[in-house]
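A.B. asks: mmCIF, C-alpha atoms and all ligand atoms, file protein-v1.cif:
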```cif
data_final
loop_
_atom_site.label_atom_id
_atom_site.label_comp_id
_atom_site.auth_asym_id
_atom_site.auth_seq_id
_atom_site.Cartn_x
_atom_site.Cartn_y
_atom_site.Cartn_z
CA MET A 13 -56.94 -4.48 -32.17
CA LYS A 14 -55.07 -3.25 -29.13
CA LYS A 15 -51.78 -4.52 -30.46
CA THR A 16 -51.99 -2.29 -33.54
CA ILE A 17 -53.40 0.77 -31.78
CA ILE A 18 -50.58 1.06 -29.25
CA PRO A 19 -47.75 1.37 -31.81
CA ILE A 20 -49.78 3.95 -33.79
CA VAL A 21 -50.47 5.98 -30.63
CA LEU A 22 -46.80 5.81 -29.66
CA PHE A 23 -45.77 6.88 -33.16
CA LEU A 24 -48.16 9.85 -33.07
CA MET A 25 -46.93 10.86 -29.61
CA ALA A 26 -43.34 10.73 -30.80
CA THR A 27 -44.19 12.85 -33.85
CA VAL A 28 -45.97 15.45 -31.73
CA MET A 29 -43.03 15.52 -29.29
CA THR A 30 -40.55 16.16 -32.11
CA ALA A 31 -42.77 18.83 -33.62
CA GLN A 32 -42.97 20.64 -30.27
CA GLN A 33 -39.26 20.59 -29.58
CA ILE A 34 -37.78 24.02 -28.99
CA LYS A 35 -34.87 24.74 -31.30
CA VAL A 36 -31.94 26.36 -29.50
CA TYR A 37 -28.90 27.54 -31.44
CA LEU A 38 -25.73 27.73 -29.32
CA ASN A 39 -22.69 29.74 -30.35
CA ALA A 40 -19.48 29.17 -28.41
CA GLY A 41 -17.58 32.41 -29.01
CA HIS A 42 -14.32 32.39 -31.04
CA GLY A 43 -12.89 29.01 -32.09
CA GLY A 44 -9.17 28.37 -32.23
CA TRP A 45 -5.87 28.73 -30.46
CA GLY A 46 -4.70 31.79 -32.32
CA PRO A 47 -4.35 35.45 -31.42
CA ASP A 48 -8.09 36.06 -32.06
CA ASP A 49 -9.07 33.59 -29.31
CA ARG A 50 -8.26 35.78 -26.33
CA PRO A 51 -5.15 33.93 -25.12
CA MET A 52 -4.18 35.16 -21.64
CA PRO A 53 -1.44 34.03 -19.23
CA THR A 54 -2.08 32.14 -16.00
CA ILE A 55 0.32 30.81 -13.35
CA PRO A 56 0.46 27.24 -14.70
CA TYR A 57 0.19 28.29 -18.36
CA PRO A 58 2.27 31.41 -19.09
CA MET A 59 2.75 32.94 -22.54
CA LEU A 60 5.23 30.77 -24.43
CA PRO A 61 8.21 32.58 -25.97
CA GLU A 62 7.75 30.70 -29.30
CA THR A 63 4.19 31.88 -29.93
CA GLY A 64 3.46 34.67 -27.44
CA ARG A 65 0.44 32.60 -26.42
CA PRO A 66 -0.11 29.93 -23.75
CA ASP A 67 -0.22 26.18 -24.30
CA THR A 68 -3.66 25.07 -25.55
CA CYS A 69 -4.50 23.92 -22.00
CA GLY A 70 -4.08 27.52 -20.87
CA PHE A 71 -6.65 30.30 -20.94
CA TYR A 72 -8.25 30.76 -24.34
CA GLU A 73 -11.77 32.11 -24.42
CA SER A 74 -12.33 29.64 -27.27
CA ASN A 75 -11.77 26.78 -24.75
CA THR A 76 -13.84 28.08 -21.87
CA ASN A 77 -16.75 29.22 -24.08
CA LEU A 78 -16.84 25.76 -25.66
CA TRP A 79 -16.89 23.91 -22.31
CA LYS A 80 -19.81 26.05 -21.13
CA THR A 81 -21.66 25.66 -24.43
CA LEU A 82 -21.29 21.89 -24.70
CA GLU A 83 -22.56 21.40 -21.15
CA CYS A 84 -25.54 23.68 -21.77
CA GLY A 85 -26.35 21.85 -25.02
CA THR A 86 -25.94 18.38 -23.53
CA ARG A 87 -28.36 19.28 -20.74
CA LEU A 88 -30.87 20.78 -23.20
CA SER A 89 -30.79 17.61 -25.31
CA LYS A 90 -31.18 15.42 -22.22
CA ASN A 91 -34.18 17.46 -21.10
CA GLY A 92 -36.13 16.13 -24.08
CA ASN A 93 -37.95 19.35 -24.94
CA PHE A 94 -35.14 20.87 -27.01
CA ARG A 95 -33.26 20.40 -30.24
CA VAL A 96 -29.81 21.92 -30.22
CA ARG A 97 -27.57 23.17 -32.98
CA TYR A 98 -24.03 24.38 -32.37
CA SER A 99 -21.93 26.81 -34.42
CA ARG A 100 -19.01 24.55 -33.45
CA LYS A 101 -18.39 21.58 -31.19
CA ARG A 102 -14.62 21.64 -31.39
CA ASN A 103 -11.63 23.93 -31.11
CA GLY A 104 -8.59 24.23 -33.34
CA PRO A 105 -6.76 23.59 -35.56
CA TYR A 106 -3.54 22.80 -33.76
CA PRO A 107 -0.99 24.11 -34.29
CA TYR A 108 -2.45 27.46 -35.27
CA ARG A 109 -0.87 28.86 -38.46
CA LYS A 110 -1.78 32.30 -39.69
CA GLY A 111 -2.98 32.14 -43.28
CA ALA A 112 -3.39 28.34 -43.31
CA SER A 113 -6.40 27.09 -45.30
CA ASN A 114 -7.99 25.70 -42.11
CA GLU A 115 -7.23 28.78 -39.98
CA PHE A 116 -10.95 29.58 -39.56
CA LYS A 117 -12.26 26.01 -39.45
CA TYR A 118 -13.89 26.57 -36.04
CA ASN A 119 -13.46 30.34 -35.81
CA ARG A 120 -16.33 30.87 -38.24
CA SER A 121 -17.50 34.19 -39.67
CA LEU A 122 -20.27 35.82 -37.66
CA SER A 123 -22.43 36.52 -40.74
CA GLU A 124 -22.28 32.84 -41.68
CA ILE A 125 -23.40 31.89 -38.16
CA SER A 126 -26.26 34.40 -38.06
CA ALA A 127 -27.49 33.25 -41.50
CA GLU A 128 -27.43 29.64 -40.27
CA VAL A 129 -29.57 30.59 -37.25
CA ASP A 130 -32.37 31.80 -39.55
CA THR A 131 -32.03 29.00 -42.12
CA TRP A 132 -32.47 26.48 -39.33
CA GLY A 133 -35.36 28.48 -37.84
CA ALA A 134 -34.08 28.68 -34.27
CA ASP A 135 -36.54 29.49 -31.46
CA MET A 136 -33.72 30.81 -29.33
CA PHE A 137 -30.13 31.94 -29.82
CA LEU A 138 -27.39 32.12 -27.20
CA SER A 139 -23.80 33.22 -27.77
CA ILE A 140 -21.44 32.46 -24.87
CA HIS A 141 -18.41 34.65 -24.17
CA SER A 142 -16.46 36.26 -21.35
CA ASN A 143 -15.65 39.94 -21.13
CA ALA A 144 -12.37 41.86 -21.09
CA THR A 145 -11.02 45.21 -20.00
CA SER A 146 -7.43 46.11 -19.13
CA GLU A 147 -5.39 43.13 -17.92
CA GLY A 148 -5.50 42.66 -14.16
CA ALA A 149 -8.33 45.17 -13.62
CA LEU A 150 -10.30 44.57 -10.42
CA VAL A 151 -13.61 44.46 -12.29
CA ASN A 152 -15.94 41.49 -12.62
CA TYR A 153 -19.63 41.28 -13.56
CA PRO A 154 -21.77 39.82 -16.36
CA LEU A 155 -23.26 41.61 -19.38
CA PHE A 156 -26.13 40.38 -21.58
CA LEU A 157 -26.51 42.02 -25.02
CA TYR A 158 -29.55 41.57 -27.26
CA ARG A 159 -30.10 43.12 -30.71
CA GLY A 160 -31.84 46.47 -30.37
CA THR A 161 -31.81 49.54 -28.19
CA ASP A 162 -32.02 49.63 -24.40
CA ALA A 163 -35.70 50.52 -24.77
CA GLU A 164 -36.60 47.91 -27.39
CA ASP A 165 -35.52 44.40 -28.35
CA TYR A 166 -35.71 44.15 -32.16
CA VAL A 167 -36.56 40.45 -31.82
CA GLU A 168 -39.46 40.06 -29.41
CA ASN A 169 -38.74 38.08 -26.22
CA SER A 170 -34.97 38.66 -26.34
CA LYS A 171 -35.12 40.94 -23.32
CA ALA A 172 -37.48 38.57 -21.48
CA MET A 173 -35.02 35.71 -22.00
CA CYS A 174 -32.20 37.84 -20.58
CA GLN A 175 -34.26 38.74 -17.54
CA LYS A 176 -35.18 35.12 -16.86
CA ILE A 177 -31.62 33.78 -17.23
CA TRP A 178 -29.79 36.58 -15.36
CA PRO A 179 -30.62 35.30 -11.82
CA ARG A 180 -29.39 31.82 -12.72
CA LEU A 181 -26.12 33.03 -14.23
CA THR A 182 -25.30 35.27 -11.27
CA GLU A 183 -25.88 32.55 -8.64
CA ALA A 184 -22.17 31.76 -8.28
CA MET A 185 -21.30 35.44 -7.85
CA HIS A 186 -24.03 35.88 -5.26
CA ALA A 187 -22.68 32.78 -3.48
CA ASP A 188 -19.27 34.53 -3.19
CA PHE A 189 -17.57 32.14 -5.59
CA GLU A 190 -16.31 35.17 -7.45
CA PRO A 191 -16.69 38.86 -6.72
CA MET A 192 -19.42 40.86 -8.45
CA THR A 193 -18.21 44.44 -8.52
CA HIS A 194 -21.36 45.95 -10.09
CA TYR A 195 -25.06 45.12 -10.59
CA ASN A 196 -25.37 43.21 -7.31
CA SER A 197 -28.98 44.20 -6.91
CA SER A 198 -29.79 45.07 -10.52
CA THR A 199 -29.18 43.64 -13.99
CA ASN A 200 -26.80 44.51 -16.82
CA ILE A 201 -29.03 43.75 -19.79
CA ARG A 202 -28.46 46.07 -22.76
CA GLY A 203 -29.43 46.64 -26.36
CA ASP A 204 -26.29 46.27 -28.51
CA ILE A 205 -27.03 49.48 -30.46
CA ASP A 206 -27.07 51.64 -27.33
CA PHE A 207 -24.21 49.74 -25.71
CA TYR A 208 -21.84 50.25 -28.67
CA HIS A 209 -23.40 53.54 -29.87
CA SER A 210 -23.42 52.15 -33.40
CA SER A 211 -25.39 49.94 -35.76
CA TRP A 212 -25.44 48.67 -39.34
CA THR A 213 -27.94 46.94 -41.60
CA ASN A 214 -27.11 43.73 -43.48
CA GLU A 215 -28.27 42.69 -46.98
CA LYS A 216 -31.46 41.19 -45.52
CA GLY A 217 -32.38 44.49 -43.90
CA ILE A 218 -31.54 43.36 -40.37
CA THR A 219 -30.23 46.22 -38.20
CA GLY A 220 -28.09 45.91 -35.10
CA TYR A 221 -24.48 46.13 -33.94
CA LEU A 222 -23.19 42.61 -33.17
CA GLY A 223 -22.76 40.55 -36.35
CA VAL A 224 -23.67 37.32 -34.59
CA LEU A 225 -27.07 38.79 -33.61
CA HIS A 226 -28.08 39.72 -37.19
CA HIS A 227 -30.88 37.15 -37.35
CA MET A 228 -34.53 36.84 -36.33
CA ALA A 229 -34.20 34.39 -33.42
CA PRO A 230 -34.83 35.82 -29.94
CA GLY A 231 -31.86 35.59 -27.65
CA PHE A 232 -28.66 37.29 -26.66
CA LEU A 233 -24.90 37.26 -26.27
CA SER A 234 -23.63 36.68 -22.74
CA GLU A 235 -20.36 38.01 -21.37
CA GLY A 236 -20.42 35.78 -18.27
CA PHE A 237 -17.50 37.31 -16.36
CA PHE A 238 -14.28 39.28 -16.99
CA HIS A 239 -11.33 37.08 -17.91
CA THR A 240 -9.09 40.09 -17.31
CA TYR A 241 -9.88 39.62 -13.60
CA GLN A 242 -7.05 37.22 -12.90
CA PRO A 243 -8.48 35.00 -10.11
CA SER A 244 -11.58 34.37 -12.24
CA ARG A 245 -9.32 33.49 -15.16
CA HIS A 246 -7.70 30.81 -12.98
CA ARG A 247 -11.17 29.50 -12.05
CA ALA A 248 -11.98 29.26 -15.76
CA LEU A 249 -9.04 26.87 -16.24
CA ASN A 250 -11.19 24.38 -14.33
CA LYS A 251 -13.51 22.69 -16.82
CA ASP A 252 -16.08 21.87 -14.14
CA TRP A 253 -16.32 25.51 -13.14
CA CYS A 254 -17.10 26.31 -16.80
CA ARG A 255 -19.52 23.38 -17.06
CA GLN A 256 -21.39 24.81 -14.07
CA GLU A 257 -21.80 28.10 -15.94
CA GLY A 258 -23.19 26.06 -18.85
CA ILE A 259 -25.62 24.34 -16.49
CA ARG A 260 -26.77 27.72 -15.20
CA TYR A 261 -27.60 28.83 -18.77
CA TYR A 262 -29.40 25.54 -19.30
CA ARG A 263 -31.46 25.96 -16.13
CA GLY A 264 -32.27 29.55 -17.10
CA ILE A 265 -33.47 28.42 -20.54
CA ALA A 266 -35.55 25.63 -18.97
CA ASP A 267 -36.99 28.24 -16.55
CA TYR A 268 -37.89 30.53 -19.46
CA PHE A 269 -39.69 27.82 -21.46
CA GLU A 270 -41.11 26.31 -18.23
CA VAL A 271 -39.91 22.82 -19.05
CA HIS A 272 -37.70 22.14 -16.06
CA ASN A 273 -37.82 18.40 -15.36
CA ASP A 274 -34.55 17.54 -13.58
CA SER A 275 -34.83 15.40 -10.48
CA THR A 276 -31.22 15.93 -9.37
CA GLY A 277 -28.91 18.76 -8.34
CA CYS A 278 -25.18 19.51 -8.00
CA ILE A 279 -22.68 20.62 -5.36
CA MET A 280 -19.92 23.08 -6.20
CA GLY A 281 -17.26 24.01 -3.68
CA GLN A 282 -14.26 26.27 -3.53
CA LEU A 283 -11.33 25.76 -1.16
CA HIS A 284 -9.08 28.48 0.23
CA VAL A 285 -6.32 28.27 2.79
CA ASN A 286 -7.48 29.77 6.06
CA GLN A 287 -6.06 33.28 6.62
CA GLU A 288 -3.26 32.73 4.08
CA SER A 289 -2.90 35.64 1.67
CA SER A 290 -2.81 35.11 -2.10
CA SER A 291 -0.79 38.32 -2.58
CA SER A 292 2.45 36.39 -3.15
CA LEU A 293 1.03 34.91 -6.37
CA GLU A 294 1.92 36.44 -9.73
CA LEU A 295 -0.98 37.06 -12.13
CA PHE A 296 -3.45 36.97 -9.26
CA ALA A 297 -4.48 40.55 -8.51
CA ALA A 298 -7.45 40.01 -6.17
CA ILE A 299 -10.34 42.21 -5.16
CA SER A 300 -9.71 42.80 -1.47
CA GLU A 301 -13.31 42.40 -0.30
CA SER A 302 -13.48 38.95 -1.92
CA LEU A 303 -12.37 35.45 -0.96
CA ASP A 304 -9.79 35.74 -3.74
CA LYS A 305 -7.51 37.56 -1.30
CA TYR A 306 -6.96 34.12 0.28
CA MET A 307 -4.77 31.42 -1.26
CA PRO A 308 -6.76 28.88 -3.29
CA ALA A 309 -6.06 25.27 -2.22
CA ASN A 310 -4.57 23.04 -4.93
CA GLY A 311 -4.44 19.24 -4.90
CA VAL A 312 -6.95 18.56 -2.15
CA THR A 313 -8.92 15.30 -2.14
CA VAL A 314 -12.60 16.01 -1.62
CA ARG A 315 -14.92 13.17 -0.74
CA LEU A 316 -18.67 13.31 -0.72
CA LYS A 317 -20.66 11.04 1.55
CA ASN A 318 -24.41 10.58 1.64
CA ALA A 319 -26.51 10.48 4.80
CA ASN A 320 -25.79 6.75 5.16
CA GLY A 321 -22.05 7.42 5.22
CA GLU A 322 -21.49 5.91 1.76
CA ILE A 323 -18.92 7.59 -0.49
CA VAL A 324 -20.77 8.90 -3.56
CA GLY A 325 -17.94 10.83 -5.19
CA THR A 326 -14.28 11.86 -4.98
CA TYR A 327 -12.75 14.97 -6.57
CA GLU A 328 -9.17 16.19 -6.62
CA THR A 329 -8.83 19.99 -6.86
CA ASP A 330 -6.47 20.87 -9.72
CA GLN A 331 -3.08 22.65 -9.62
CA ASN A 332 -4.49 25.75 -11.32
CA TYR A 333 -5.13 27.99 -8.30
CA ASN A 334 -8.91 27.83 -8.14
CA GLY A 335 -9.74 25.28 -5.41
CA ILE A 336 -12.90 24.35 -7.31
CA PHE A 337 -14.64 20.99 -6.92
CA VAL A 338 -17.95 19.81 -8.35
CA PHE A 339 -20.24 16.82 -7.84
CA TYR A 340 -22.96 16.31 -10.46
CA ASP A 341 -26.43 14.80 -10.68
CA LEU A 342 -27.05 14.01 -7.03
CA SER A 343 -30.41 12.92 -5.65
CA PRO A 344 -31.89 15.54 -3.34
CA GLY A 345 -30.87 15.07 0.30
CA ARG A 346 -28.20 15.65 2.87
CA TYR A 347 -24.52 15.11 2.00
CA TYR A 348 -21.23 15.59 3.84
CA ILE A 349 -17.93 16.89 2.46
CA GLU A 350 -14.62 15.43 3.69
CA LEU A 351 -11.21 16.93 2.91
CA LYS A 352 -7.65 15.68 2.86
CA GLY A 353 -4.54 17.30 1.42
CA GLU A 354 -0.79 17.49 1.95
CA GLY A 355 -0.05 20.13 4.58
CA PHE A 356 -3.68 20.37 5.73
CA LYS A 357 -5.60 18.90 8.63
CA THR A 358 -7.86 16.11 7.45
CA ARG A 359 -11.51 16.99 8.01
CA GLN A 360 -14.05 14.19 8.09
CA GLY A 361 -17.35 13.17 9.57
CA LYS A 362 -20.30 15.50 9.55
CA ILE A 363 -18.62 18.90 9.87
CA PHE A 364 -19.47 20.13 6.34
CA PRO A 365 -23.09 19.27 5.62
CA VAL A 366 -24.66 20.29 2.30
CA THR A 367 -28.28 19.98 1.27
CA VAL A 368 -28.91 19.19 -2.38
CA LYS A 369 -32.17 20.22 -4.04
CA ALA A 370 -33.33 19.29 -7.52
CA LYS A 371 -32.68 21.76 -10.40
CA THR A 372 -30.09 23.70 -8.39
CA THR A 373 -26.44 23.76 -7.39
CA ALA A 374 -25.56 23.95 -3.69
CA TYR A 375 -22.57 26.27 -3.17
CA LYS A 376 -19.99 25.79 -0.41
CA ASN A 377 -16.88 27.87 0.31
CA ILE A 378 -14.56 26.12 2.78
CA ASN A 379 -11.28 27.14 4.42
CA MET A 380 -8.54 24.52 4.68
CA ILE A 381 -6.61 24.50 7.97
CA ARG A 382 -2.83 24.09 7.87
CA GLY A 383 -1.59 21.03 9.76
CA THR A 384 -0.48 17.43 9.40
CA SER A 385 -2.41 15.36 6.92
CA THR A 386 -3.72 12.01 8.15
CA PRO A 387 -5.56 9.32 6.16
CA PHE A 388 -9.35 9.19 6.17
CA ASP A 389 -10.50 6.80 8.93
CA ASP A 390 -11.76 4.17 6.49
CA GLU A 391 -8.46 4.18 4.58
CA ILE A 392 -6.59 2.73 7.56
CA ASP A 393 -6.41 -1.05 7.62
CA GLY A 394 -6.06 -3.16 10.72
CA LEU A 395 -6.83 -0.38 13.16
CA THR A 396 -9.51 -0.31 15.79
CA PRO A 397 -11.14 3.12 15.84
CA ILE A 398 -11.92 4.28 19.38
CA THR A 399 -13.56 7.45 20.57
CA SER A 400 -11.44 7.89 23.68
CA PRO A 401 -7.77 7.09 24.20
CA VAL A 402 -8.33 6.19 27.84
CA GLY A 403 -6.99 2.73 28.46
CA GLU A 404 -4.21 0.58 29.68
CA GLY A 405 -0.64 1.34 28.85
CA GLU A 406 1.34 4.30 27.73
CA ILE A 407 0.52 6.35 24.64
CA TYR A 408 3.01 6.96 21.87
CA ASP A 409 2.66 8.74 18.57
CA LEU A 410 3.63 6.97 15.33
CA SER A 411 7.21 8.22 15.50
CA GLY A 412 7.54 6.42 18.86
CA ARG A 413 7.56 9.58 20.96
CA ARG A 414 5.82 9.17 24.28
CA ILE A 415 2.88 11.45 24.79
CA ASN A 416 2.51 13.11 28.15
CA GLY A 417 0.14 11.26 30.45
CA GLN A 418 -2.02 14.30 30.98
CA CYS A 419 -3.28 13.92 27.43
CA LEU A 420 -4.90 10.64 28.38
CA ASN A 421 -8.36 11.92 29.07
CA SER A 422 -8.62 14.84 26.69
CA GLN A 423 -6.77 17.31 24.45
CA LEU A 424 -5.46 14.56 22.20
CA PRO A 425 -5.89 15.49 18.52
CA ARG A 426 -7.44 12.94 16.17
CA GLY A 427 -4.93 10.57 14.65
CA ILE A 428 -3.17 7.25 14.97
CA TYR A 429 -1.48 6.36 18.28
CA ILE A 430 0.22 3.38 19.81
CA ILE A 431 -1.46 2.45 23.06
CA GLY A 432 -0.30 -0.60 24.99
CA GLY A 433 1.65 -1.74 21.95
CA LYS A 434 -1.42 -1.58 19.67
CA LYS A 435 -2.04 0.89 16.84
CA ILE A 436 -5.22 2.73 17.65
CA LEU A 437 -7.11 5.25 15.58
CA TYR A 438 -8.46 8.00 17.76
ZN ZN A 501 -15.40 36.75 -26.62
#
```
Just give me the structure of the file as structure tokens.
C.D. replies:
Amino acid sequence: MKKTIIPIVLFLMATVMTAQQIKVYLNAGHGGWGPDDRPMPTIPYPMLPETGRPDTCGFYESNTNLWKTLECGTRLSKNGNFRVRYSRKRNGPYPYRKGASNEFKYNRSLSEISAEVDTWGADMFLSIHSNATSEGALVNYPLFLYRGTDAEDYVENSKAMCQKIWPRLTEAMHADFEPMTHYNSSTNIRGDIDFYHSSWTNEKGITGYLGVLHHMAPGFLSEGFFHTYQPSRHRALNKDWCRQEGIRYYRGIADYFEVHNDSTGCIMGQLHVNQESSSSLELFAAISESLDKYMPANGVTVRLKNANGEIVGTYETDQNYNGIFVFYDLSPGRYYIELKGEGFKTRQGKIFPVTVKAKTTAYKNINMIRGTSTPFDDEIDGLTPITSPVGEGEIYDLSGRRINGQCLNSQLPRGIYIIGGKKILY
């Protein structure tokens, strides 16, 4: 008897689970590498003379929206309580040709998307974008728009979803990873009709302003940051920075539906060069009260060690002027960040502790110190690490220069020395 009951029970449980899954429709805004996809110049990816747009690795809102969306959707699917549908999972075509039959392959019409949301019967809708004002403006904050007026959401719960997800989205701004010029202690959650001072009604009798919100699923469109704020645009070139925004939407959605079940957390860091101004950079107009006024540190090796001293991850910051590094899916506990980069002092040991908690990202801004780069201790073969250079014989540095005897007992910087003819790591 038992043998037959168990499979039936399991089958019923699986059916109930599927039936209870929350259907989330995700719309990554825009969808190509053409002029409609918000191409903007950055230091590594300027506008190309041939097209007037950057290389496809450069800033296109269609890229960054997609990275955020895919991460959010992947996490929702992994959670087990959600079913996800995407308006697109790709970008393109490449090369972009105006008038080509596939020009709008991924840049789909908004009315088609909103109709699909209702046909599928979504329980929630989220459209992911970034905002724009005049190029280089020193303005940066998020905006959530739902269908309706400021006083009333025309689809019940839309406003409630915005209010639940807002604190998650703004975490990185509150952690000084990017400046937040307005709404620091409030929210910017608006009805699209009042925000645009306009509305229209479609053939199904649905009234609102934004075409992509002309459906009956609760939800909203998010303008996560301003890509016209140039330092934030350089951050957005880093896929992991965008993925973290996607994770924040995911966590906000899981908060709203109260189905948060993650046992791990993340670390995100940002590296600047200590006291070195970023004002020499083109396309990098920075808000002066923010960390963006300091030079971001490119090409730094970041190592993460756990409390037992084991290396659990390595990340190389990119060459795109953001200094961002991310470590994903870490068990809760204490970790230590180690840093090494050309032209910077190597920092290792327990000087940068970070505590990871489940369901959250731990944020860490760090300043790199200019100096001579040395290898990490455990990268040096055949050396005996010692804590004090006191010993027999004279001390030389690696170039063979004799170091003054008064350094023997103290004042000697960490590094490799030759003492009594032996290479010693101090
Ligand atoms: Zn957009």
A.B. asks: How would you write, as a list in words, the set of residues no farther than 7 Å from ligand ZN 501 (chain A) when counting all atoms listed in the file?
C.D. replies: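 Based on all atoms listed in the file, ligand ZN 501 (chain A) is surrounded within 7 Å by Gly41, His42, Glu73, His141, Ser142 and Asn143 of chain A.
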A.B. asks: Restricting the calculation to only C-alpha atoms: of A:Phe296, A:Phe232, A:Tyr118, A:Phe189, which residue gets closest to Asn75 in chain A?
C.D. replies: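 Smallest separation from Asn75 in chain A among the options: A:Tyr118.
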A.B. asks: Compare A:Val285, A:Tyr106, A:Glu235, A:Ser343 by their minimum atom-to-atom distance to Thr145 in chain A, counting all atoms listed in the file, and give me the closest one.
C.D. replies: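 Result for the nearest residue to Thr145 in chain A: A:Glu235.
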A.B. asks: I want to know what sits within 7 Å of range 247-250 of chain A, based on all atoms listed in the file, with residues of the same chain fewer than 2 positions away left out; could you give that as a tab-separated table (two decimals) with C-alpha atoms, keeping the file's coordinate frame?
C.D. replies:
```tsv
chain	number	residue	atom	x	y	z
A	70	GLY	CA	-4.08	27.52	-20.87
A	71	PHE	CA	-6.65	30.30	-20.94
A	76	THR	CA	-13.84	28.08	-21.87
A	243	PRO	CA	-8.48	35.00	-10.11
A	244	SER	CA	-11.58	34.37	-12.24
A	245	ARG	CA	-9.32	33.49	-15.16
A	252	ASP	CA	-16.08	21.87	-14.14
A	253	TRP	CA	-16.32	25.51	-13.14
A	254	CYS	CA	-17.10	26.31	-16.80
A	332	ASN	CA	-4.49	25.75	-11.32
A	334	ASN	CA	-8.91	27.83	-8.14
```
A.B. asks: I'd like the contact shell of Tyr408 in chain A - 6 Å cut-off, all atoms listed in the file, skipping same-chain residues fewer than 4 positions apart - returned as a PyMOL selection string.
C.D. replies: chain A and resi 412-415+429-430
A.B. asks: Hey, what's within 9 Å of range 300-316 of chain A if we count only C-alpha atoms and toss same-chain stuff fewer than 6 positions away? As a PyMOL selection string, please?
C.D. replies: chain A and resi 188-191+243-244+282-293+322-337+339+347-354+356+360+377+379-380
A.B. asks: When you draw a straight line from CA of Val338 in chain A to CA of Ala144 in chain A, how long is it in Å?
C.D. replies: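 Distance reported for this atom pair: 26.1 Å.
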A.B. asks: Can you measure CA of Pro58 in chain A to CA of Asn152 in chain A for me? One decimal in Å is fine.
C.D. replies: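 So the answer is 21.8 Å.
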A.B. asks: CA of Val36 in chain A and CA of Phe94 in chain A are how many Å apart?
C.D. replies: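 That distance, rounded to one decimal, is 6.8 Å.
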A.B. asks: Between A:Leu138, A:His186, A:Ile392, A:Arg263, single out the one closest to Ser234 in chain A, counting only C-alpha atoms.
C.D. replies: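 Residue with the minimum atom-to-atom distance to Ser234 in chain A: A:Leu138.
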A.B. asks: Check the smallest atom-to-atom distance from each of A:His227, A:Lys357, A:Arg382, A:Arg255 to Cys84 in chain A using all atoms listed in the file, then report the winner.
C.D. replies: A:Arg255
A.B. asks: So that I can see what lies close to range 114-117 of chain A, please list as a list in words the residues with an atom at most 7 Å from it, counting all atoms listed in the file and leaving out residues fewer than 5 positions away in the same chain.
C.D. replies: Pro105, Tyr108 and Arg109 of chain A
A.B. asks: Take the point (-26.5, 18.1, -26.0) in the file's coordinates, draw a sphere of radius 12 Å around it, and report as number ranges by chain every protein, DNA or RNA residue with an atom inside or on it, counting only C-alpha atoms.
C.D. replies: A: 35-38, 79-98, 101, 258-259, 262
A.B. asks: May I have the residues from that selection written out with C-alpha atoms, as a PDB file, in the coordinates of the input?
C.D. replies:
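Full text of selection.pdb as output:
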```
ATOM      1  CA  LYS A  35     -34.870  24.740 -31.300  1.00  0.00           C
ATOM      2  CA  VAL A  36     -31.940  26.360 -29.500  1.00  0.00           C
ATOM      3  CA  TYR A  37     -28.900  27.540 -31.440  1.00  0.00           C
ATOM      4  CA  LEU A  38     -25.730  27.730 -29.320  1.00  0.00           C
ATOM      5  CA  TRP A  79     -16.890  23.910 -22.310  1.00  0.00           C
ATOM      6  CA  LYS A  80     -19.810  26.050 -21.130  1.00  0.00           C
ATOM      7  CA  THR A  81     -21.660  25.660 -24.430  1.00  0.00           C
ATOM      8  CA  LEU A  82     -21.290  21.890 -24.700  1.00  0.00           C
ATOM      9  CA  GLU A  83     -22.560  21.400 -21.150  1.00  0.00           C
ATOM     10  CA  CYS A  84     -25.540  23.680 -21.770  1.00  0.00           C
ATOM     11  CA  GLY A  85     -26.350  21.850 -25.020  1.00  0.00           C
ATOM     12  CA  THR A  86     -25.940  18.380 -23.530  1.00  0.00           C
ATOM     13  CA  ARG A  87     -28.360  19.280 -20.740  1.00  0.00           C
ATOM     14  CA  LEU A  88     -30.870  20.780 -23.200  1.00  0.00           C
ATOM     15  CA  SER A  89     -30.790  17.610 -25.310  1.00  0.00           C
ATOM     16  CA  LYS A  90     -31.180  15.420 -22.220  1.00  0.00           C
ATOM     17  CA  ASN A  91     -34.180  17.460 -21.100  1.00  0.00           C
ATOM     18  CA  GLY A  92     -36.130  16.130 -24.080  1.00  0.00           C
ATOM     19  CA  ASN A  93     -37.950  19.350 -24.940  1.00  0.00           C
ATOM     20  CA  PHE A  94     -35.140  20.870 -27.010  1.00  0.00           C
ATOM     21  CA  ARG A  95     -33.260  20.400 -30.240  1.00  0.00           C
ATOM     22  CA  VAL A  96     -29.810  21.920 -30.220  1.00  0.00           C
ATOM     23  CA  ARG A  97     -27.570  23.170 -32.980  1.00  0.00           C
ATOM     24  CA  TYR A  98     -24.030  24.380 -32.370  1.00  0.00           C
ATOM     25  CA  LYS A 101     -18.390  21.580 -31.190  1.00  0.00           C
ATOM     26  CA  GLY A 258     -23.190  26.060 -18.850  1.00  0.00           C
ATOM     27  CA  ILE A 259     -25.620  24.340 -16.490  1.00  0.00           C
ATOM     28  CA  TYR A 262     -29.400  25.540 -19.300  1.00  0.00           C
TER      29      TYR A 262
END
```
A.B. asks: With all atoms listed in the file as the basis for distance, which of A:Asp67, A:Arg159, A:Met185, A:Ile177 is at the shortest distance from Ser210 in chain A?
C.D. replies: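 Looking only at the distances to Ser210 in chain A, the closest residue turns out to be A:Arg159.
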